[in-house]
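J.: So that you have it, the file is run_39.tsv, and it contains TSV, C-alpha atoms and all ligand atoms:
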```tsv
chain	number	residue	atom	x	y	z
A	8	MET	CA	9.59	136.31	-43.89
A	9	GLN	CA	11.11	138.16	-46.84
A	10	ASN	CA	14.82	137.55	-47.35
A	11	ILE	CA	16.05	140.94	-48.54
A	12	TYR	CA	19.63	139.72	-49.03
A	13	ALA	CA	18.52	137.28	-51.71
A	14	SER	CA	16.43	139.85	-53.59
A	15	LYS	CA	19.12	142.36	-54.62
A	16	PRO	CA	20.72	142.29	-58.10
A	17	TYR	CA	23.88	143.81	-56.60
A	18	TYR	CA	25.05	145.47	-53.43
A	19	ALA	CA	26.70	148.71	-52.40
A	20	SER	CA	29.99	147.47	-51.00
A	21	ILE	CA	32.51	149.27	-48.80
A	22	THR	CA	35.72	149.16	-50.83
A	23	GLY	CA	37.68	151.76	-48.85
A	24	ILE	CA	37.62	153.32	-45.41
A	25	GLY	CA	39.48	156.23	-43.80
A	26	GLY	CA	39.53	158.24	-40.62
A	27	TYR	CA	40.91	161.31	-38.92
A	28	VAL	CA	41.06	162.52	-35.33
A	29	PRO	CA	42.74	165.75	-34.18
A	30	LEU	CA	46.06	165.41	-32.35
A	31	ASN	CA	44.99	167.45	-29.32
A	32	LYS	CA	43.83	165.20	-26.43
A	33	ARG	CA	41.49	166.13	-23.57
A	34	THR	CA	42.01	163.60	-20.79
A	35	ASN	CA	39.86	162.86	-17.75
A	36	PHE	CA	42.58	164.52	-15.68
A	37	ASP	CA	42.16	167.71	-17.76
A	38	LEU	CA	38.42	167.59	-16.94
A	39	GLU	CA	39.17	167.23	-13.23
A	40	GLU	CA	40.65	170.74	-13.47
A	41	LEU	CA	37.52	172.13	-15.13
A	42	CYS	CA	34.63	170.67	-13.13
A	43	ASP	CA	33.70	168.46	-10.20
A	44	THR	CA	34.53	165.03	-11.64
A	45	SER	CA	37.22	162.36	-11.48
A	46	ASP	CA	39.06	160.01	-13.80
A	47	GLU	CA	37.80	157.10	-11.69
A	48	TRP	CA	34.13	158.14	-12.01
A	49	ILE	CA	34.34	158.78	-15.76
A	50	VAL	CA	36.08	155.48	-16.54
A	51	LYS	CA	33.67	153.51	-14.36
A	52	ARG	CA	30.48	155.16	-15.67
A	53	THR	CA	31.44	155.64	-19.36
A	54	GLY	CA	34.62	153.69	-20.24
A	55	ILE	CA	36.17	156.89	-21.65
A	56	LYS	CA	39.73	157.97	-20.77
A	57	GLU	CA	40.33	160.73	-23.30
A	58	ARG	CA	38.87	162.40	-26.38
A	59	ARG	CA	40.31	164.47	-29.26
A	60	ILE	CA	39.58	168.19	-29.60
A	61	LEU	CA	39.83	170.14	-32.86
A	62	ASP	CA	41.73	173.44	-32.79
A	63	LYS	CA	39.40	176.46	-32.94
A	64	GLU	CA	40.62	177.65	-36.36
A	65	PHE	CA	39.41	174.44	-38.04
A	66	ALA	CA	35.93	173.06	-38.68
A	67	THR	CA	34.06	169.83	-39.45
A	68	SER	CA	34.90	169.97	-43.18
A	69	ASP	CA	38.64	169.97	-42.41
A	70	MET	CA	38.39	166.67	-40.54
A	71	ALA	CA	36.20	165.21	-43.30
A	72	VAL	CA	38.80	166.16	-45.93
A	73	MET	CA	41.60	164.60	-43.86
A	74	ALA	CA	39.58	161.37	-43.51
A	75	VAL	CA	38.97	161.20	-47.28
A	76	GLN	CA	42.66	161.82	-47.99
A	77	ASN	CA	43.54	159.04	-45.54
A	78	LEU	CA	41.17	156.68	-47.39
A	79	CYS	CA	42.65	157.55	-50.78
A	80	THR	CA	46.19	156.93	-49.54
A	81	GLN	CA	45.37	153.56	-47.98
A	82	PHE	CA	43.16	152.22	-50.78
A	83	ASP	CA	44.67	153.84	-53.87
A	84	LYS	CA	41.39	155.45	-54.95
A	85	ASP	CA	40.96	158.06	-57.66
A	86	LEU	CA	38.78	160.87	-56.28
A	87	SER	CA	37.81	162.07	-59.75
A	88	SER	CA	35.56	158.99	-60.09
A	89	VAL	CA	33.32	160.03	-57.15
A	90	ASP	CA	29.71	160.63	-58.25
A	91	ALA	CA	28.15	161.58	-54.92
A	92	LEU	CA	29.41	162.74	-51.53
A	93	ILE	CA	27.26	162.66	-48.41
A	94	VAL	CA	28.31	164.25	-45.14
A	95	ALA	CA	26.49	163.15	-41.99
A	96	THR	CA	26.96	165.92	-39.45
A	97	SER	CA	25.02	167.89	-36.88
A	98	THR	CA	27.88	170.36	-36.45
A	99	PRO	CA	28.10	171.86	-39.95
A	100	ASP	CA	30.79	174.47	-40.69
A	101	VAL	CA	28.06	177.05	-41.37
A	102	MET	CA	24.26	177.07	-41.64
A	103	MET	CA	24.50	177.41	-45.43
A	104	PRO	CA	25.90	175.96	-47.70
A	105	ALA	CA	26.02	172.30	-46.75
A	106	THR	CA	29.29	171.02	-45.30
A	107	ALA	CA	29.33	168.47	-48.14
A	108	ASN	CA	29.64	171.35	-50.63
A	109	ILE	CA	32.58	172.73	-48.65
A	110	VAL	CA	34.25	169.30	-48.50
A	111	ALA	CA	33.75	168.80	-52.26
A	112	LYS	CA	35.32	172.19	-52.95
A	113	LYS	CA	38.32	171.45	-50.71
A	114	LEU	CA	38.79	168.12	-52.52
A	115	ASP	CA	38.52	169.81	-55.96
A	116	LEU	CA	35.43	167.76	-56.83
A	117	ASP	CA	33.54	169.95	-59.29
A	118	ASN	CA	31.01	167.46	-60.70
A	119	VAL	CA	29.70	165.69	-57.65
A	120	TRP	CA	26.28	165.55	-56.02
A	121	ALA	CA	27.09	166.69	-52.48
A	122	PHE	CA	24.64	167.02	-49.61
A	123	ASP	CA	24.39	166.77	-45.80
A	124	ILE	CA	22.31	164.55	-43.55
A	125	ASN	CA	21.63	165.68	-39.99
A	126	ALA	CA	20.64	162.76	-37.80
A	127	ALA	CA	23.07	163.37	-34.91
A	128	CYS	CA	24.66	160.14	-33.65
A	129	SER	CA	22.63	158.07	-36.15
A	130	GLY	CA	23.87	160.25	-39.01
A	131	PHE	CA	26.41	157.85	-40.43
A	132	LEU	CA	23.91	154.97	-40.57
A	133	TYR	CA	21.27	157.18	-42.21
A	134	ALA	CA	23.86	158.39	-44.74
A	135	LEU	CA	25.14	154.87	-45.37
A	136	ASP	CA	21.62	153.71	-46.21
A	137	MET	CA	21.16	156.72	-48.48
A	138	GLY	CA	24.52	156.15	-50.18
A	139	ALA	CA	23.84	152.43	-50.61
A	140	SER	CA	20.45	153.22	-52.12
A	141	LEU	CA	22.10	155.56	-54.65
A	142	VAL	CA	24.48	152.79	-55.72
A	143	GLU	CA	21.65	150.26	-55.91
A	144	THR	CA	19.74	152.47	-58.37
A	145	GLY	CA	22.60	152.04	-60.82
A	146	ARG	CA	22.85	155.80	-61.37
A	147	TYR	CA	25.79	156.32	-58.99
A	148	LYS	CA	28.86	154.10	-59.06
A	149	ASN	CA	31.24	155.65	-56.54
A	150	VAL	CA	29.76	157.27	-53.44
A	151	LEU	CA	31.62	158.71	-50.45
A	152	VAL	CA	29.76	158.52	-47.13
A	153	ILE	CA	31.35	160.65	-44.42
A	154	GLY	CA	30.48	160.97	-40.73
A	155	ALA	CA	32.12	164.05	-39.22
A	156	ASP	CA	31.47	166.19	-36.15
A	157	ASN	CA	33.23	169.04	-34.40
A	158	ILE	CA	31.03	168.65	-31.33
A	159	SER	CA	33.58	170.22	-28.96
A	160	ALA	CA	32.52	173.59	-30.44
A	161	PHE	CA	29.09	173.04	-28.79
A	162	VAL	CA	30.13	171.47	-25.48
A	163	ASP	CA	29.92	173.53	-22.31
A	164	ILE	CA	33.36	172.78	-20.93
A	165	HIS	CA	32.03	173.16	-17.36
A	166	ASP	CA	29.01	170.84	-17.82
A	167	ARG	CA	30.09	167.48	-16.45
A	168	SER	CA	27.05	165.71	-17.89
A	169	THR	CA	28.33	166.31	-21.45
A	170	ASN	CA	32.02	167.33	-21.37
A	171	ILE	CA	33.05	163.83	-20.25
A	172	LEU	CA	31.42	162.16	-23.26
A	173	PHE	CA	32.18	164.01	-26.46
A	174	GLY	CA	35.16	164.31	-28.80
A	175	ASP	CA	35.83	165.34	-32.41
A	176	GLY	CA	36.58	163.19	-35.44
A	177	ALA	CA	35.67	162.06	-38.96
A	178	GLY	CA	35.33	158.73	-40.73
A	179	VAL	CA	34.51	157.87	-44.33
A	180	VAL	CA	33.63	154.85	-46.46
A	181	TRP	CA	33.79	154.45	-50.24
A	182	LEU	CA	30.79	152.60	-51.70
A	183	GLU	CA	30.66	150.91	-55.09
A	184	PRO	CA	28.65	148.10	-56.70
A	185	SER	CA	29.50	144.47	-55.95
A	186	LEU	CA	27.88	141.15	-56.75
A	187	ASP	CA	29.12	139.49	-53.57
A	188	ASN	CA	29.42	141.90	-50.62
A	189	GLY	CA	27.86	145.07	-49.28
A	190	VAL	CA	24.87	146.54	-47.49
A	191	ILE	CA	22.24	143.85	-47.12
A	192	ASP	CA	19.55	145.60	-45.12
A	193	ALA	CA	18.91	148.66	-43.01
A	194	TYR	CA	16.19	149.55	-40.51
A	195	MET	CA	16.02	153.27	-39.70
A	196	GLN	CA	13.64	154.93	-37.25
A	197	SER	CA	12.98	158.31	-35.63
A	198	ASN	CA	10.71	159.82	-33.01
A	199	GLY	CA	10.48	163.57	-32.44
A	200	ASN	CA	9.44	163.11	-28.82
A	201	GLY	CA	13.16	162.85	-28.06
A	202	ARG	CA	13.85	166.54	-28.73
A	203	GLU	CA	13.58	167.70	-25.12
A	204	PHE	CA	16.05	165.07	-23.89
A	205	LEU	CA	18.98	165.80	-26.23
A	206	ASN	CA	19.45	168.99	-28.21
A	207	ILE	CA	21.35	172.09	-29.25
A	208	GLU	CA	18.50	174.61	-29.37
A	209	GLY	CA	20.47	177.62	-30.64
A	210	GLY	CA	21.80	178.58	-34.05
A	211	GLY	CA	18.78	177.64	-36.18
A	212	SER	CA	15.86	179.75	-37.41
A	213	LEU	CA	14.02	179.48	-34.09
A	214	HIS	CA	16.90	181.07	-32.13
A	215	PRO	CA	19.14	182.75	-34.72
A	216	ASP	CA	20.38	185.65	-32.55
A	217	SER	CA	23.93	184.73	-31.61
A	218	LYS	CA	24.35	187.38	-28.89
A	219	GLY	CA	21.13	186.36	-27.14
A	220	LEU	CA	22.07	182.71	-27.49
A	221	ILE	CA	25.26	183.15	-25.52
A	222	ASP	CA	23.39	184.96	-22.75
A	223	VAL	CA	21.03	181.99	-22.28
A	224	GLU	CA	23.60	179.34	-23.27
A	225	LYS	CA	21.40	177.88	-26.02
A	226	HIS	CA	24.45	177.22	-28.18
A	227	TYR	CA	25.51	174.27	-26.00
A	228	ILE	CA	24.51	170.62	-26.28
A	229	ARG	CA	22.19	169.61	-23.43
A	230	GLN	CA	20.79	166.23	-22.50
A	231	ASP	CA	18.97	164.18	-19.92
A	232	GLY	CA	21.58	161.43	-19.68
A	233	LYS	CA	19.40	158.91	-17.89
A	234	VAL	CA	16.57	159.04	-20.45
A	235	VAL	CA	19.04	158.90	-23.35
A	236	PHE	CA	20.90	155.99	-21.76
A	237	LYS	CA	17.79	153.83	-21.40
A	238	GLN	CA	16.30	154.68	-24.81
A	239	ALA	CA	19.64	154.09	-26.53
A	240	ILE	CA	19.97	150.49	-25.32
A	241	GLN	CA	16.35	149.58	-25.99
A	242	SER	CA	16.21	151.20	-29.43
A	243	MET	CA	19.52	149.83	-30.75
A	244	ALA	CA	18.72	146.33	-29.48
A	245	HIS	CA	15.27	146.48	-31.08
A	246	ALA	CA	16.69	147.68	-34.41
A	247	CYS	CA	19.30	144.88	-34.47
A	248	ASN	CA	16.69	142.25	-33.66
A	249	GLU	CA	14.37	143.56	-36.41
A	250	VAL	CA	17.17	143.29	-38.98
A	251	LEU	CA	18.04	139.78	-37.85
A	252	LYS	CA	14.40	138.71	-37.94
A	253	ARG	CA	13.59	139.97	-41.41
A	254	ASN	CA	16.75	138.40	-42.85
A	255	ASN	CA	16.17	135.04	-41.17
A	256	LEU	CA	19.43	135.30	-39.26
A	257	SER	CA	20.40	134.42	-35.71
A	258	ILE	CA	22.87	136.57	-33.76
A	259	ASP	CA	25.39	133.69	-33.92
A	260	GLN	CA	25.67	134.29	-37.67
A	261	VAL	CA	26.83	137.89	-37.13
A	262	ASP	CA	30.62	138.15	-36.94
A	263	TRP	CA	30.88	141.68	-35.53
A	264	LEU	CA	28.60	144.16	-33.80
A	265	VAL	CA	29.68	147.77	-34.43
A	266	PRO	CA	27.62	149.98	-32.11
A	267	HIS	CA	27.66	153.76	-31.91
A	268	GLN	CA	30.30	154.64	-29.30
A	269	ALA	CA	28.32	156.60	-26.71
A	270	ASN	CA	29.13	154.98	-23.39
A	271	LYS	CA	30.80	151.62	-22.65
A	272	ARG	CA	27.80	150.68	-20.51
A	273	ILE	CA	25.44	151.39	-23.43
A	274	ILE	CA	27.63	149.30	-25.76
A	275	ASP	CA	27.66	146.44	-23.24
A	276	GLY	CA	23.92	146.82	-22.66
A	277	VAL	CA	23.11	146.44	-26.36
A	278	GLY	CA	25.41	143.41	-26.65
A	279	LYS	CA	23.70	141.82	-23.66
A	280	GLU	CA	20.19	142.52	-25.00
A	281	ILE	CA	20.87	140.95	-28.39
A	282	LYS	CA	22.97	138.19	-26.79
A	283	ILE	CA	26.05	138.56	-28.94
A	284	GLU	CA	29.02	136.44	-27.90
A	285	MET	CA	31.69	138.20	-25.80
A	286	GLY	CA	34.57	139.58	-27.88
A	287	ARG	CA	32.44	140.14	-31.02
A	288	THR	CA	31.70	143.82	-30.35
A	289	LEU	CA	34.07	146.44	-31.77
A	290	SER	CA	34.87	149.47	-29.61
A	291	ASN	CA	37.31	152.37	-29.45
A	292	ILE	CA	35.43	154.61	-27.01
A	293	GLU	CA	38.28	154.57	-24.48
A	294	TYR	CA	40.44	156.97	-26.50
A	295	PHE	CA	37.98	158.89	-28.70
A	296	GLY	CA	34.77	159.17	-26.65
A	297	ASN	CA	31.55	159.92	-28.53
A	298	THR	CA	32.39	161.55	-31.89
A	299	ILE	CA	28.67	161.68	-32.93
A	300	ALA	CA	28.35	160.75	-36.64
A	301	ALA	CA	31.99	159.64	-36.84
A	302	THR	CA	31.96	156.85	-34.25
A	303	ILE	CA	31.01	153.91	-36.48
A	304	PRO	CA	33.38	154.50	-39.43
A	305	LEU	CA	36.19	155.43	-37.00
A	306	CYS	CA	35.59	152.26	-35.01
A	307	ILE	CA	35.70	150.03	-38.13
A	308	TRP	CA	38.74	151.91	-39.47
A	309	GLU	CA	40.65	151.36	-36.25
A	310	ASN	CA	39.73	147.68	-36.00
A	311	ILE	CA	40.04	146.80	-39.68
A	312	LYS	CA	42.71	144.15	-39.06
A	313	LEU	CA	40.14	142.05	-37.17
A	314	LEU	CA	37.78	141.89	-40.16
A	315	GLN	CA	37.89	139.17	-42.83
A	316	LYS	CA	36.40	139.53	-46.31
A	317	GLY	CA	32.89	138.05	-46.18
A	318	ASP	CA	32.33	138.78	-42.45
A	319	LEU	CA	28.81	139.77	-41.51
A	320	LEU	CA	28.66	143.11	-39.65
A	321	MET	CA	25.75	144.58	-37.71
A	322	LEU	CA	26.05	148.37	-37.28
A	323	THR	CA	23.72	150.17	-34.90
A	324	ALA	CA	23.30	153.73	-33.64
A	325	PHE	CA	21.07	155.98	-31.55
A	326	GLY	CA	21.04	159.75	-31.23
A	327	ALA	CA	19.18	163.02	-30.97
A	328	GLY	CA	15.73	163.22	-32.49
A	329	PHE	CA	15.45	160.57	-31.26
A	330	SER	CA	16.91	158.79	-34.27
A	331	TRP	CA	18.16	155.22	-34.43
A	332	GLY	CA	18.70	152.22	-36.65
A	333	ALA	CA	20.72	149.17	-37.61
A	334	SER	CA	22.46	148.11	-40.83
A	335	LEU	CA	23.58	144.68	-41.87
A	336	LEU	CA	26.45	144.33	-44.30
A	337	ARG	CA	28.87	141.80	-45.66
A	338	TRP	CA	32.44	143.10	-45.47
A	339	GLY	CA	34.10	143.39	-48.86
A	340	ILE	CA	37.72	144.37	-48.19
A	401	LIG	N1	31.52	163.15	-12.45
A	401	LIG	C1	31.34	162.78	-11.18
A	401	LIG	N2	30.13	162.53	-10.65
A	401	LIG	C2	29.07	162.68	-11.47
A	401	LIG	C3	29.19	163.07	-12.83
A	401	LIG	C4	30.48	163.31	-13.31
A	401	LIG	N3	30.71	163.69	-14.59
A	401	LIG	N4	27.96	163.13	-13.36
A	401	LIG	C5	27.10	162.78	-12.39
A	401	LIG	N5	27.76	162.51	-11.25
A	401	LIG	C6	27.21	162.06	-9.98
A	401	LIG	C7	25.78	162.55	-9.75
A	401	LIG	O1	25.74	163.79	-9.07
A	401	LIG	C8	25.21	161.43	-8.91
A	401	LIG	O2	25.64	161.59	-7.57
A	401	LIG	P1	24.68	161.19	-6.35
A	401	LIG	O3	24.41	159.71	-6.49
A	401	LIG	O4	25.48	161.55	-5.15
A	401	LIG	O5	23.43	162.00	-6.53
A	401	LIG	C9	25.89	160.20	-9.46
A	401	LIG	O6	27.13	160.64	-10.04
A	401	LIG	C10	25.10	159.47	-10.52
A	401	LIG	O7	24.65	160.44	-11.49
A	401	LIG	P2	23.82	160.05	-12.73
A	401	LIG	O8	23.36	161.28	-13.45
A	401	LIG	O9	22.78	159.06	-12.29
A	401	LIG	O10	24.93	159.31	-13.62
A	401	LIG	P3	24.74	158.24	-14.73
A	401	LIG	O11	25.16	156.93	-14.26
A	401	LIG	O12	23.38	158.35	-15.38
A	401	LIG	O13	25.81	158.71	-15.79
A	401	LIG	C11	25.95	159.74	-17.96
A	401	LIG	C12	25.67	159.96	-16.45
A	401	LIG	C13	27.37	159.25	-18.11
A	401	LIG	C14	25.74	161.06	-18.66
A	401	LIG	C15	24.96	158.66	-18.48
A	401	LIG	O14	23.65	158.97	-18.08
A	401	LIG	C16	25.01	158.51	-19.98
A	401	LIG	O15	26.01	158.15	-20.56
A	401	LIG	N6	23.87	158.72	-20.64
A	401	LIG	C17	23.82	158.59	-22.08
A	401	LIG	C18	24.08	159.94	-22.67
A	401	LIG	C19	24.68	159.87	-24.06
A	401	LIG	O16	25.25	158.90	-24.47
A	401	LIG	N7	24.55	160.98	-24.77
A	401	LIG	C20	25.23	161.14	-26.02
A	401	LIG	C21	24.35	161.44	-27.14
A	401	LIG	S1	23.18	160.18	-27.47
A	401	LIG	C22	24.03	158.85	-27.77
A	401	LIG	O17	25.14	158.94	-28.21
A	401	LIG	C23	23.42	157.56	-27.49
```
For this file, write the structure as structure tokens.

T.:
Amino acid sequence: MQNIYASKPYYASITGIGGYVPLNKRTNFDLEELCDTSDEWIVKRTGIKERRILDKEFATSDMAVMAVQNLCTQFDKDLSSVDALIVATSTPDVMMPATANIVAKKLDLDNVWAFDINAACSGFLYALDMGASLVETGRYKNVLVIGADNISAFVDIHDRSTNILFGDGAGVVWLEPSLDNGVIDAYMQSNGNGREFLNIEGGGSLHPDSKGLIDVEKHYIRQDGKVVFKQAIQSMAHACNEVLKRNNLSIDQVDWLVPHQANKRIIDGVGKEIKIEMGRTLSNIEYFGNTIAATIPLCIWENIKLLQKGDLLMLTAFGAGFSWGASLLRWGI
């Protein structure tokens, strides 16, 4: 079996992390007023108590900018050294240009390669692998990888199969070369058969008419929760096991599992499948819900005090597409 960790001349290491969530909370009790649900049911079936909702006059780029500014304050980084900026989002500010261009402009970054990646809840992992690959080429030294989604703009507030799950937020990591720590391996997958089970069908070139969209409610996120639930556990567990196998590692050697925060039962299901020890899975779903591409960086950001330099982290995600994957990295902060 090839040991990928041993074969790299240097790694793309996370040397800074930041996050932002809006102040406005939507609690389970708020949802009880809007549809036929209860705090008890939501907590039991999802582990979520509240989520954050962005004010209507703001957009995804605003949260991304706040997250980057938070990173710079905490880690004393100089933004003018950024070479590339990737935004993982499936809720862009506008169809064109990319949200990354808008974020770069708001941060006064004039000479940066900025682009978006749309892989829904797997977006941050896809973007992390892309950003790490840029650093590993040697052509890019400082790369910002942002996961940001304003999903509340696409949630039907009266649809209890989605309104209980989703919230808004943004997280960001700063990547730079390191001889000791960083992204070791990544296993990314997708399968277009998932489209019918989780989608926002409106707003693209197939259904561009905004008036017609509202009539048929194509602008909302829709899903078959049961199918997504099952696929999510199986796919994330499989991706983690693949990464372990091809790096000759056992799960006992992983210090922390950082799964996409979709549902507490999905998080527990993945942990059980890969047999990670209790207490080694990071989670913050209780207060933020599913923030799509932002869940993983937000979860690490919030739990950073638990991490020691040199810890081995397994990140895993699953989302629309279907898209999924797992990344293995050695923590460098
Ligand atoms: N409040 C109260 N009762 C509800 C609710 C609700 N919000 N939703 C469903 N129910 C009821 C149903 O009517 C049903 O009642 P019945 O037994 O009398 O018929 C019962 O609760 C069970 O309904 P299910 O649809 O089977 O509920 P389930 O346990 O599957 O939970 C949920 C639904 C939470 C959506 C779950 O399927 C899920 O989390 N799926 C994953 C979806 C997901 O994570 N999507 C995000 C994007 S992809 C990703 O991030 C991985």

J.: Rank nothing, just name the residue among A:Ala66, A:Cys79, A:Leu114, A:Ile153 nearest to Pro304 in chain A, using only C-alpha atoms.

T.: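 Of all the options, A:Ile153 lies closest to Pro304 in chain A.
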
J.: Could you give me the residues within 6 Å of ligand LIG 401 (chain A), counting only C-alpha atoms and all ligand atoms, as a short mmCIF file (atom, residue, chain, number, x, y, z; two decimals) with C-alpha atoms, in the coordinates of the input?

T.:
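Output below, filename part06.cif:
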```cif
data_model
loop_
_atom_site.label_atom_id
_atom_site.label_comp_id
_atom_site.auth_asym_id
_atom_site.auth_seq_id
_atom_site.Cartn_x
_atom_site.Cartn_y
_atom_site.Cartn_z
CA THR A 44 34.53 165.03 -11.64
CA SER A 45 37.22 162.36 -11.48
CA TRP A 48 34.13 158.14 -12.01
CA ARG A 52 30.48 155.16 -15.67
CA THR A 53 31.44 155.64 -19.36
CA CYS A 128 24.66 160.14 -33.65
CA ARG A 167 30.09 167.48 -16.45
CA SER A 168 27.05 165.71 -17.89
CA GLY A 232 21.58 161.43 -19.68
CA LYS A 233 19.40 158.91 -17.89
CA VAL A 235 19.04 158.90 -23.35
CA PHE A 236 20.90 155.99 -21.76
CA ALA A 239 19.64 154.09 -26.53
CA ALA A 269 28.32 156.60 -26.71
CA ASN A 270 29.13 154.98 -23.39
CA PHE A 325 21.07 155.98 -31.55
CA GLY A 326 21.04 159.75 -31.23
#
```

J.: Quick one: of A:Ser140, A:Gln238, A:Ser159, A:Ser97, who's nearest to Glu183 in chain A, counting all atoms listed in the file?

T.: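 Of the candidates, the smallest distance to Glu183 in chain A is held by A:Ser140.
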
J.: Using all atoms listed in the file, which residue out of A:Ala127, A:Val110, A:Leu319, A:Ile55 lies closest to Ser290 in chain A?

T.: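 Distance minimum relative to Ser290 in chain A lands on A:Ile55.
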
J.: Of the residues A:Cys42, A:Leu186, A:Ala139, A:Ile299, which is the one nearest to Gly339 in chain A, using all atoms listed in the file?

T.: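 Among the listed residues, A:Leu186 lies closest to Gly339 in chain A.
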
J.: Pick the closest to Ala74 in chain A from A:Val250, A:Met103, A:Val179, A:Ala160: which is it, counting only C-alpha atoms?

T.: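 That would be A:Val179, the residue with the smallest distance to Ala74 in chain A.
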
J.: Could you give me, as a list in words, the residues within 10 Å of Gln241 in chain A, counting all atoms listed in the file and dropping anything in the same chain fewer than 5 positions from it?

T.: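 So the residues in contact are Phe236, Ala246, Ile273, Gly276, Val277, Glu280 and Phe325 of chain A.
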
J.: Calculated over only C-alpha atoms, which of the candidates A:Ala177, A:Val234, A:Ile158, A:Ile109 has the smallest distance to Asn200 in chain A?

T.: A:Val234

J.: For Val152 in chain A, list every protein, DNA or RNA residue within 9 Å, evaluated using all atoms listed in the file, and leave out those in the same chain fewer than 4 positions away; present the list as a list in words.

T.: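 The neighbour list is Ala91, Leu92, Ile93, Val94, Ala95, Phe131, Ala134, Leu135, Met137, Gly138, Gly178, Val179, Val180, Trp181 and Leu182 of chain A.
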